[in-house]
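Heads up, my_file.cif below (mmCIF, C-alpha atoms):
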data_work
loop_
_atom_site.label_atom_id
_atom_site.label_comp_id
_atom_site.auth_asym_id
_atom_site.auth_seq_id
_atom_site.Cartn_x
_atom_site.Cartn_y
_atom_site.Cartn_z
CA MET A 1 0.00 0.00 0.00
CA ALA A 2 1.30 3.47 -0.79
CA ILE A 3 0.08 7.02 -0.59
CA THR A 4 2.12 9.72 -2.29
CA ALA A 5 1.93 13.44 -1.66
CA THR A 6 3.69 15.82 -4.02
CA VAL A 7 3.97 19.57 -3.60
CA THR A 8 5.21 21.97 -6.26
CA LEU A 9 5.99 25.64 -5.76
CA THR A 10 6.56 27.61 -8.94
CA SER A 11 7.20 31.17 -9.99
CA ALA A 12 8.69 32.39 -13.25
CA ALA A 13 12.07 34.11 -13.41
CA GLY A 14 11.72 37.81 -12.72
CA ASP A 15 8.47 37.31 -10.88
CA LEU A 16 8.81 36.45 -7.18
CA LEU A 17 12.60 36.34 -7.59
CA THR A 18 15.10 37.13 -10.31
CA ASP A 19 15.60 33.41 -10.69
CA ALA A 20 12.75 30.99 -11.31
CA LEU A 21 11.27 29.05 -8.41
CA ALA A 22 10.59 25.43 -9.29
CA LEU A 23 10.44 23.28 -6.18
CA SER A 24 8.95 19.82 -6.23
CA THR A 25 8.93 17.39 -3.32
CA SER A 26 7.27 14.02 -2.98
CA ALA A 27 6.68 12.04 0.18
CA ASN A 28 5.29 8.62 0.85
CA LEU A 29 2.89 8.91 3.75
CA THR A 30 4.05 6.43 6.35
CA ALA A 31 3.26 5.58 9.95
CA ALA A 32 5.39 7.06 12.72
CA GLY A 33 8.97 5.82 12.73
CA VAL A 34 8.51 3.03 10.19
CA SER A 35 8.32 2.63 6.42
CA THR A 36 4.81 1.16 6.49
CA ALA A 37 2.20 3.21 4.63
CA LEU A 38 -0.71 4.87 6.39
CA VAL A 39 -3.79 2.69 6.00
CA GLY A 40 -6.63 4.84 7.35
CA THR A 41 -8.44 7.87 6.03
CA SER A 42 -11.50 9.94 6.80
CA GLY A 43 -12.15 10.06 3.09
CA LEU A 44 -12.41 13.29 1.16
CA GLY A 45 -15.13 15.31 2.85
CA ARG A 46 -16.94 18.59 2.29
CA LYS A 47 -18.43 20.66 5.07
CA LYS A 48 -20.77 23.59 4.52
CA LEU A 49 -20.84 25.92 7.49
CA ALA A 50 -24.26 27.37 6.92
CA SER A 51 -24.92 30.19 9.32
CA GLY A 52 -23.49 32.06 12.26
CA HIS A 53 -20.01 31.19 11.03
CA ALA A 54 -19.07 29.84 14.46
CA GLN A 55 -15.96 27.86 15.23
CA TYR A 56 -16.20 24.17 14.40
CA THR A 57 -14.09 21.26 15.65
CA LEU A 58 -13.09 19.44 12.49
CA PHE A 59 -10.92 16.75 14.08
CA ASP A 60 -11.07 15.77 17.73
CA GLY A 61 -7.61 15.09 19.13
CA ASP A 62 -9.05 12.65 21.65
CA ALA A 63 -10.39 10.43 18.91
CA TYR A 64 -6.98 9.43 17.54
CA ALA A 65 -3.81 8.04 19.01
CA ASN A 66 -0.57 9.98 18.79
CA GLY A 67 0.85 9.37 15.34
CA ALA A 68 1.96 10.61 11.96
CA HIS A 69 -1.46 11.75 10.79
CA LYS A 70 -1.67 14.12 7.85
CA ILE A 71 -4.33 16.72 7.12
CA TYR A 72 -5.39 18.26 3.81
CA LEU A 73 -7.71 21.29 3.82
CA LYS A 74 -9.05 23.46 1.03
CA ASN A 75 -11.22 26.58 1.05
CA THR A 76 -13.51 26.20 -1.98
CA SER A 77 -14.72 29.81 -1.88
CA ILE A 78 -14.10 32.05 -4.89
CA THR A 79 -14.56 35.29 -2.94
CA ALA A 80 -11.09 36.66 -2.19
CA GLU A 81 -12.03 38.12 1.22
CA GLU A 82 -13.48 34.85 2.59
CA TYR A 83 -11.25 32.71 4.76
CA PHE A 84 -11.19 29.87 7.23
CA THR A 85 -9.11 30.41 10.35
CA ILE A 86 -7.34 27.21 11.36
CA GLU A 87 -6.61 26.70 15.03
CA ILE A 88 -4.88 23.95 16.97
CA ASN A 89 -6.22 23.98 20.48
CA SER A 90 -6.56 27.76 20.89
CA GLU A 91 -3.49 28.75 18.91
CA GLN A 92 -4.10 30.23 15.51
CA MET A 93 -2.10 28.56 12.80
CA GLY A 94 -3.20 30.56 9.80
CA LYS A 95 -5.94 31.59 7.43
CA LEU A 96 -6.99 29.78 4.29
CA TYR A 97 -8.33 32.33 1.83
CA ALA A 98 -10.41 31.55 -1.24
CA GLY A 99 -8.91 28.69 -3.22
CA ASP A 100 -6.09 28.07 -0.76
CA TRP A 101 -5.13 24.59 0.36
CA CYS A 102 -2.74 23.29 2.99
CA PHE A 103 -1.18 19.99 4.02
CA PHE A 104 0.44 19.38 7.38
CA PRO A 105 1.24 16.68 9.93
CA TRP A 106 -0.97 16.33 12.97
CA GLU A 107 -0.10 14.91 16.33
CA ALA A 108 -3.43 13.98 17.87
CA ASN A 109 -3.93 12.18 21.22
CA ALA A 110 -5.55 14.85 23.38
CA ASP A 111 -8.21 17.54 23.46
CA THR A 112 -5.36 19.99 23.39
CA ASN A 113 -4.69 19.02 19.79
CA ASP A 114 -8.16 19.59 18.35
CA ILE A 115 -8.21 21.04 14.84
CA LYS A 116 -10.74 23.87 14.76
CA ILE A 117 -12.07 25.75 11.78
CA ASP A 118 -13.66 29.19 11.89
CA PRO A 119 -15.23 30.53 8.68
CA SER A 120 -15.30 34.28 8.09
CA ALA A 121 -18.71 34.21 6.40
CA ASP A 122 -21.86 32.13 6.16
CA ASN A 123 -22.25 29.24 3.72
CA MET A 124 -18.57 28.65 3.15
CA VAL A 125 -17.52 25.15 2.08
CA LEU A 126 -14.40 23.43 3.34
CA GLU A 127 -12.92 20.37 1.68
CA TYR A 128 -10.87 18.14 3.96
CA MET A 129 -9.15 14.79 4.23
CA LEU A 130 -7.40 13.11 7.14
CA PHE A 131 -4.83 10.36 6.60
CA ILE A 132 -4.77 8.33 9.80
CA ASP A 133 -1.86 6.58 11.47
CA GLU A 134 -3.75 3.65 13.04
CA MET B 135 2.40 41.40 -9.95
CA ALA B 136 4.28 38.37 -8.70
CA THR B 137 2.60 35.09 -9.42
CA THR B 138 3.57 32.15 -7.26
CA THR B 139 1.70 28.89 -7.54
CA ALA B 140 1.43 26.06 -5.03
CA ALA B 141 0.09 22.69 -6.14
CA ILE B 142 -0.42 19.37 -4.47
CA THR B 143 -1.29 15.92 -5.68
CA LEU B 144 -2.35 13.10 -3.38
CA THR B 145 -2.37 9.72 -5.04
CA SER B 146 -2.87 6.10 -4.07
CA ALA B 147 -3.80 3.07 -6.09
CA ASP B 148 -4.58 0.92 -3.07
CA LEU B 149 -5.65 2.99 -0.06
CA LEU B 150 -9.29 2.70 -1.10
CA THR B 151 -11.28 0.49 -3.44
CA ASP B 152 -11.31 3.44 -5.79
CA ALA B 153 -8.08 5.17 -6.80
CA LEU B 154 -7.18 8.36 -4.98
CA SER B 155 -6.11 11.10 -7.36
CA LEU B 156 -6.62 14.45 -5.75
CA SER B 157 -5.01 17.64 -6.95
CA ALA B 158 -5.30 21.27 -5.97
CA THR B 159 -3.57 24.42 -7.17
CA SER B 160 -3.62 27.88 -5.68
CA THR B 161 -2.03 31.21 -6.40
CA LEU B 162 -0.48 32.90 -3.38
CA HIS B 163 -2.20 36.19 -2.58
CA LYS B 164 -1.92 38.90 0.03
CA ALA B 165 -4.54 38.55 2.76
CA GLY B 166 -8.04 39.13 1.41
CA SER B 167 -6.92 40.30 -2.00
CA THR B 168 -5.98 39.03 -5.43
CA GLU B 169 -2.58 40.71 -5.34
CA GLY B 170 0.27 38.22 -5.46
CA LEU B 171 2.72 37.68 -2.63
CA ASP B 172 5.98 39.36 -3.56
CA GLN B 173 8.44 38.59 -0.75
CA THR B 174 10.21 35.54 0.59
CA THR B 175 12.82 34.55 3.14
CA GLY B 176 14.40 32.36 0.47
CA MET B 177 14.91 28.64 0.75
CA ALA B 178 17.08 27.70 3.71
CA HIS B 179 18.95 24.44 4.10
CA ALA B 180 20.10 23.77 7.65
CA TYR B 181 22.01 20.94 9.28
CA LEU B 182 20.78 20.73 12.85
CA THR B 183 22.91 18.99 15.45
CA ALA B 184 20.91 19.58 18.63
CA THR B 185 17.42 18.61 19.70
CA THR B 186 16.67 22.11 20.91
CA ALA B 187 13.61 23.79 19.41
CA ILE B 188 14.60 26.74 17.23
CA ASP B 189 12.71 29.63 15.66
CA ILE B 190 13.02 29.41 11.91
CA PHE B 191 11.45 32.75 10.90
CA PRO B 192 11.34 36.20 12.47
CA ALA B 193 8.03 36.38 14.35
CA LEU B 194 6.07 39.30 15.79
CA ILE B 195 8.14 41.90 17.57
CA GLU B 196 7.18 42.57 21.20
CA ALA B 197 4.22 44.96 21.44
CA SER B 198 4.01 45.24 17.66
CA ILE B 199 1.07 44.00 15.70
CA ALA B 200 2.04 45.55 12.39
CA PHE B 201 2.60 42.14 10.81
CA GLU B 202 -0.18 40.25 12.55
CA ASN B 203 -2.62 38.53 10.19
CA LYS B 204 -0.59 39.16 7.08
CA SER B 205 -0.41 36.32 4.59
CA ASN B 206 2.53 33.96 5.06
CA TRP B 207 3.00 30.50 3.57
CA VAL B 208 5.42 28.11 5.16
CA TYR B 209 7.16 25.10 3.64
CA ILE B 210 9.23 22.76 5.81
CA CYS B 211 10.77 19.47 4.69
CA ASN B 212 12.66 16.88 6.74
CA LEU B 213 15.42 15.66 4.42
CA SER B 214 16.44 12.76 6.65
CA THR B 215 16.35 9.29 5.12
CA ASP B 216 16.17 7.52 8.49
CA GLU B 217 12.51 6.64 9.01
CA THR B 218 12.82 6.96 12.79
CA GLU B 219 14.01 10.58 12.69
CA PHE B 220 11.48 13.37 12.93
CA LEU B 221 11.07 17.10 13.38
CA THR B 222 8.52 18.33 15.90
CA VAL B 223 6.84 21.43 14.52
CA LYS B 224 5.19 23.88 16.91
CA ILE B 225 3.42 27.19 16.74
CA CYS B 226 3.40 29.27 19.92
CA GLU B 227 4.58 26.19 21.84
CA GLN B 228 1.57 24.23 20.56
CA VAL B 229 2.60 21.04 18.77
CA ILE B 230 1.23 20.86 15.24
CA GLY B 231 2.76 17.51 14.34
CA LYS B 232 5.87 15.57 13.50
CA LEU B 233 7.55 15.50 10.11
CA TYR B 234 9.19 12.10 9.65
CA ALA B 235 11.93 11.39 7.12
CA GLY B 236 10.97 12.84 3.74
CA ASP B 237 7.78 14.47 5.01
CA PHE B 238 6.89 18.08 4.20
CA LEU B 239 4.27 20.58 5.22
CA TRP B 240 2.70 23.54 3.46
CA MET B 241 0.66 25.73 5.74
CA PRO B 242 -0.63 29.26 6.13
CA TRP B 243 0.79 31.33 8.96
CA SER B 244 -1.10 34.41 10.04
CA MET B 245 1.26 35.19 12.89
CA ARG B 246 -0.82 35.98 15.93
CA GLU B 247 0.17 36.44 19.56
CA SER B 248 -0.22 33.33 21.70
CA GLN B 249 -3.61 32.90 23.33
CA ASN B 250 -1.99 31.26 26.34
CA ALA B 251 -0.15 34.34 27.58
CA ASN B 252 3.12 32.48 27.39
CA ASP B 253 5.04 35.28 25.69
CA HIS B 254 5.12 33.70 22.27
CA HIS B 255 4.64 35.84 19.24
CA GLY B 256 3.43 33.48 16.60
CA ASP B 257 6.76 31.66 16.53
CA ILE B 258 7.12 28.58 14.37
CA THR B 259 9.72 26.25 15.83
CA ILE B 260 11.24 22.96 14.80
CA ALA B 261 13.06 20.46 17.01
CA PRO B 262 14.99 17.49 15.62
CA SER B 263 14.48 14.15 17.36
CA VAL B 264 18.22 13.40 17.35
CA ASN B 265 21.43 15.35 17.86
CA THR B 266 23.41 13.36 15.32
CA GLY B 267 22.59 15.78 12.53
CA MET B 268 19.48 16.28 10.43
CA HIS B 269 19.16 18.17 7.17
CA VAL B 270 16.12 20.42 6.93
CA GLU B 271 14.75 22.76 4.26
CA PHE B 272 12.34 25.61 4.91
CA THR B 273 11.05 28.77 3.31
CA CYS B 274 8.39 31.38 3.89
CA ILE B 275 6.65 33.25 1.05
CA ASN B 276 4.80 36.26 2.36
CA GLU B 277 3.70 39.86 2.10
CA GLY B 278 6.45 41.07 4.42
CA THR B 279 8.78 40.12 7.24
CA GLU B 280 9.31 42.42 10.20
CA TYR B 281 13.03 42.03 10.71
CA HIS B 282 14.29 42.63 14.21
CA THR B 283 16.64 45.55 14.83
CA GLU B 284 20.20 44.82 15.84
CA ASN B 285 20.92 44.14 19.47
CA THR B 286 24.35 45.30 20.50
CA SER B 287 23.94 44.68 24.24
CA ALA B 288 26.49 42.28 25.65
CA GLY B 289 25.10 38.99 26.84
CA GLN B 290 21.86 39.16 24.86
#

Any chance you could give the structure as structure tokens?
Amino acid sequence: MAITATVTLTSAAGDLLTDALALSTSANLTAAGVSTALVGTSGLGRKKLASGHAQYTLFDGDAYANGAHKIYLKNTSITAEEYFTIEINSEQMGKLYAGDWCFFPWEANADTNDIKIDPSADNMVLEYMLFIDE
Amino acid sequence: MATTTAAITLTSADLLTDALSLSATSTLHKAGSTEGLDQTTGMAHAYLTATTAIDIFPALIEASIAFENKSNWVYICNLSTDETEFLTVKICEQVIGKLYAGDFLWMPWSMRESQNANDHHGDITIAPSVNTGMHVEFTCINEGTEYHTENTSAGQ
């Protein structure tokens, strides 16, 4: 079993920098400390946060053991001002604006590692996927 | 206007009954706008020989909020080939997760003061799991870095 994640960062010469940026990295998603592939996933989900745009716990840290979990998130909005604030416990990690995606490791195992999402407007749709180290 | 693109593909032929073939692409913009990000720290390559957590980017300056909530994108990659070696990544002392050998992250960073009153200023830190030497790459693409002024006081 294998799961591959590849990120590419690109910018033409004379744009962000004088030189071109063309970074590409691939990783096989494996369990903590071994070469065995991750075998669990939440599946690719979509969540519409309809009204009140209140904070929402997307992944409960208590529900998973400590491991090499990976999280993918995408803000599907096309309105530039709309964003999701991502928090771990109560610490703000960053904001996903319209069309943005992110991919990061997650160490679960406690309520203090909850992943929380806070939309800036009503009816925003978040796409998400958790790869689980079981 | 600078145009920088970030793309990801997530693939697996055997994780599910159906093949996984997910891709997403985004253009990096300043917060709440369609203007491209035009600054970067550059790509750093470090060889870390202690397990101490270190700040990898200049964070908020004490009592300054000028750079709070600006758009920053962070890339970190653990270049180790030893599957047992990892980097612990934290923000404001809060563990995000561990990057094992070959793993990378790509995340937004809006740089906000800690909510736990522990005197952290949005710091992103990494700590290697071993002191025998780990190669790490990291960069930040953003709409500005508030560089700290020189400190010429002895012992600081």

Exercise. Determine which residues of chain B sit within 6 Å of chain A, taking into account all atoms listed in the file, and present them as a count of residues only.
Key: 28

Quiz item: What is the distance, in Å and to one decimal place, between CA of Asp62 in chain A and CA of Ser42 in chain A?
Solution: 15.3 Å

Self-check item: Among listed residues B:Ala200, B:Ala153, B:Met245, B:Ser205, nearest Glu169 in chain B (using all atoms listed in the file)
Solution: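 Closest to Glu169 in chain B, using all atoms listed in the file: B:Ser205.
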
Quiz prompt | Coordinates-based distance that separates CA of Gly170 in chain B from CA of Ala50 in chain A (Å, one decimal) | solution =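 Spanning CA of Ala50 in chain A to CA of Gly170 in chain B is a straight-line distance of 29.5 Å.
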
Practice problem: Pick out the closest residue to Thr76 in chain A from this set: B:Thr159, B:Thr273, B:Thr174, B:Ser198. Count all atoms listed in the file. | Solution: B:Thr159

Practice problem: Mind giving me the straight-line distance from CA of Pro119 in chain A to CA of Lys164 in chain B in Å, one decimal? | Solution: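 It comes out at 17.9 Å.
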
Exercise. Using the chain letters and numbering of this document, enumerate as a list of chain:residue names the residues selected by the PyMOL selection byres ((chain B and resi 282) around 8).
Key: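 Listing what the PyMOL selection byres ((chain B and resi 282) around 8) selects in the shown file: B:Pro192, B:Ile195, B:Glu280, B:Tyr281, B:Thr283, B:Glu284.
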
Exercise. Choose the residue, out of A:Leu58, A:Ala110, A:Ala20, A:Leu49, that has the smallest atom-to-atom separation from Tyr128 in chain A; count all atoms listed in the file.
Key: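 The answer is A:Leu58, which sits nearest to Tyr128 in chain A.
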
Since the input is missing atoms, can you rebuild N, CA and C atoms for range 88-118 of chain A and write them as a PDB file, in the frame of the given file?
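Below is the file that was written, out-v7.pdb:
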ATOM      1  N   ILE A  88      -5.198  25.182  16.256  1.00  0.00           N
ATOM      2  CA  ILE A  88      -4.880  23.950  16.970  1.00  0.00           C
ATOM      3  C   ILE A  88      -4.982  24.282  18.434  1.00  0.00           C
ATOM      4  N   ASN A  89      -5.871  23.585  19.127  1.00  0.00           N
ATOM      5  CA  ASN A  89      -6.220  23.980  20.480  1.00  0.00           C
ATOM      6  C   ASN A  89      -6.702  25.432  20.365  1.00  0.00           C
ATOM      7  N   SER A  90      -6.102  26.375  21.041  1.00  0.00           N
ATOM      8  CA  SER A  90      -6.560  27.760  20.890  1.00  0.00           C
ATOM      9  C   SER A  90      -5.542  28.617  20.158  1.00  0.00           C
ATOM     10  N   GLU A  91      -4.515  27.983  19.622  1.00  0.00           N
ATOM     11  CA  GLU A  91      -3.490  28.750  18.910  1.00  0.00           C
ATOM     12  C   GLU A  91      -3.816  28.836  17.425  1.00  0.00           C
ATOM     13  N   GLN A  92      -3.810  30.040  16.926  1.00  0.00           N
ATOM     14  CA  GLN A  92      -4.100  30.230  15.510  1.00  0.00           C
ATOM     15  C   GLN A  92      -2.901  29.852  14.663  1.00  0.00           C
ATOM     16  N   MET A  93      -3.166  28.963  13.699  1.00  0.00           N
ATOM     17  CA  MET A  93      -2.100  28.560  12.800  1.00  0.00           C
ATOM     18  C   MET A  93      -2.044  29.499  11.601  1.00  0.00           C
ATOM     19  N   GLY A  94      -3.187  29.693  10.968  1.00  0.00           N
ATOM     20  CA  GLY A  94      -3.200  30.560   9.800  1.00  0.00           C
ATOM     21  C   GLY A  94      -4.584  30.654   9.196  1.00  0.00           C
ATOM     22  N   LYS A  95      -4.663  31.383   8.103  1.00  0.00           N
ATOM     23  CA  LYS A  95      -5.940  31.590   7.430  1.00  0.00           C
ATOM     24  C   LYS A  95      -5.864  31.072   6.008  1.00  0.00           C
ATOM     25  N   LEU A  96      -6.879  30.302   5.652  1.00  0.00           N
ATOM     26  CA  LEU A  96      -6.990  29.780   4.290  1.00  0.00           C
ATOM     27  C   LEU A  96      -7.968  30.664   3.535  1.00  0.00           C
ATOM     28  N   TYR A  97      -7.457  31.469   2.630  1.00  0.00           N
ATOM     29  CA  TYR A  97      -8.330  32.330   1.830  1.00  0.00           C
ATOM     30  C   TYR A  97      -8.866  31.547   0.624  1.00  0.00           C
ATOM     31  N   ALA A  98      -9.723  32.205  -0.114  1.00  0.00           N
ATOM     32  CA  ALA A  98     -10.410  31.550  -1.240  1.00  0.00           C
ATOM     33  C   ALA A  98      -9.445  30.783  -2.138  1.00  0.00           C
ATOM     34  N   GLY A  99      -9.712  29.519  -2.321  1.00  0.00           N
ATOM     35  CA  GLY A  99      -8.910  28.690  -3.220  1.00  0.00           C
ATOM     36  C   GLY A  99      -7.663  28.106  -2.599  1.00  0.00           C
ATOM     37  N   ASP A 100      -7.314  28.560  -1.403  1.00  0.00           N
ATOM     38  CA  ASP A 100      -6.090  28.070  -0.760  1.00  0.00           C
ATOM     39  C   ASP A 100      -6.264  26.642  -0.251  1.00  0.00           C
ATOM     40  N   TRP A 101      -5.164  25.924  -0.228  1.00  0.00           N
ATOM     41  CA  TRP A 101      -5.130  24.590   0.360  1.00  0.00           C
ATOM     42  C   TRP A 101      -3.907  24.494   1.276  1.00  0.00           C
ATOM     43  N   CYS A 102      -3.919  23.532   2.162  1.00  0.00           N
ATOM     44  CA  CYS A 102      -2.740  23.290   2.990  1.00  0.00           C
ATOM     45  C   CYS A 102      -2.633  21.801   3.296  1.00  0.00           C
ATOM     46  N   PHE A 103      -1.449  21.402   3.724  1.00  0.00           N
ATOM     47  CA  PHE A 103      -1.180  19.990   4.020  1.00  0.00           C
ATOM     48  C   PHE A 103      -0.141  19.961   5.133  1.00  0.00           C
ATOM     49  N   PHE A 104      -0.488  19.340   6.239  1.00  0.00           N
ATOM     50  CA  PHE A 104       0.440  19.380   7.380  1.00  0.00           C
ATOM     51  C   PHE A 104       0.275  18.134   8.253  1.00  0.00           C
ATOM     52  N   PRO A 105       1.322  17.828   9.030  1.00  0.00           N
ATOM     53  CA  PRO A 105       1.240  16.680   9.930  1.00  0.00           C
ATOM     54  C   PRO A 105       0.415  17.058  11.148  1.00  0.00           C
ATOM     55  N   TRP A 106      -0.155  16.065  11.785  1.00  0.00           N
ATOM     56  CA  TRP A 106      -0.970  16.330  12.970  1.00  0.00           C
ATOM     57  C   TRP A 106      -0.665  15.290  14.025  1.00  0.00           C
ATOM     58  N   GLU A 107      -0.293  15.809  15.192  1.00  0.00           N
ATOM     59  CA  GLU A 107      -0.100  14.910  16.330  1.00  0.00           C
ATOM     60  C   GLU A 107      -1.357  14.988  17.180  1.00  0.00           C
ATOM     61  N   ALA A 108      -2.172  13.966  17.121  1.00  0.00           N
ATOM     62  CA  ALA A 108      -3.430  13.980  17.870  1.00  0.00           C
ATOM     63  C   ALA A 108      -3.173  13.563  19.321  1.00  0.00           C
ATOM     64  N   ASN A 109      -4.023  12.860  19.916  1.00  0.00           N
ATOM     65  CA  ASN A 109      -3.930  12.180  21.220  1.00  0.00           C
ATOM     66  C   ASN A 109      -4.495  12.930  22.407  1.00  0.00           C
ATOM     67  N   ALA A 110      -4.986  14.144  22.227  1.00  0.00           N
ATOM     68  CA  ALA A 110      -5.550  14.850  23.380  1.00  0.00           C
ATOM     69  C   ALA A 110      -6.464  15.974  22.890  1.00  0.00           C
ATOM     70  N   ASP A 111      -7.344  16.413  23.788  1.00  0.00           N
ATOM     71  CA  ASP A 111      -8.210  17.540  23.460  1.00  0.00           C
ATOM     72  C   ASP A 111      -7.408  18.789  23.128  1.00  0.00           C
ATOM     73  N   THR A 112      -6.199  18.821  23.635  1.00  0.00           N
ATOM     74  CA  THR A 112      -5.360  19.990  23.390  1.00  0.00           C
ATOM     75  C   THR A 112      -4.760  20.000  21.993  1.00  0.00           C
ATOM     76  N   ASN A 113      -5.155  19.044  21.168  1.00  0.00           N
ATOM     77  CA  ASN A 113      -4.690  19.020  19.790  1.00  0.00           C
ATOM     78  C   ASN A 113      -5.847  19.086  18.788  1.00  0.00           C
ATOM     79  N   ASP A 114      -7.020  19.480  19.257  1.00  0.00           N
ATOM     80  CA  ASP A 114      -8.160  19.590  18.350  1.00  0.00           C
ATOM     81  C   ASP A 114      -7.840  20.543  17.188  1.00  0.00           C
ATOM     82  N   ILE A 115      -8.304  20.152  16.003  1.00  0.00           N
ATOM     83  CA  ILE A 115      -8.210  21.040  14.840  1.00  0.00           C
ATOM     84  C   ILE A 115      -9.546  21.755  14.708  1.00  0.00           C
ATOM     85  N   LYS A 116      -9.511  23.079  14.808  1.00  0.00           N
ATOM     86  CA  LYS A 116     -10.740  23.870  14.760  1.00  0.00           C
ATOM     87  C   LYS A 116     -10.733  24.808  13.553  1.00  0.00           C
ATOM     88  N   ILE A 117     -11.905  24.966  13.007  1.00  0.00           N
ATOM     89  CA  ILE A 117     -12.070  25.750  11.780  1.00  0.00           C
ATOM     90  C   ILE A 117     -13.085  26.851  12.052  1.00  0.00           C
ATOM     91  N   ASP A 118     -12.763  28.060  11.654  1.00  0.00           N
ATOM     92  CA  ASP A 118     -13.660  29.190  11.890  1.00  0.00           C
ATOM     93  C   ASP A 118     -13.848  29.964  10.587  1.00  0.00           C
TER      94      ASP A 118
END
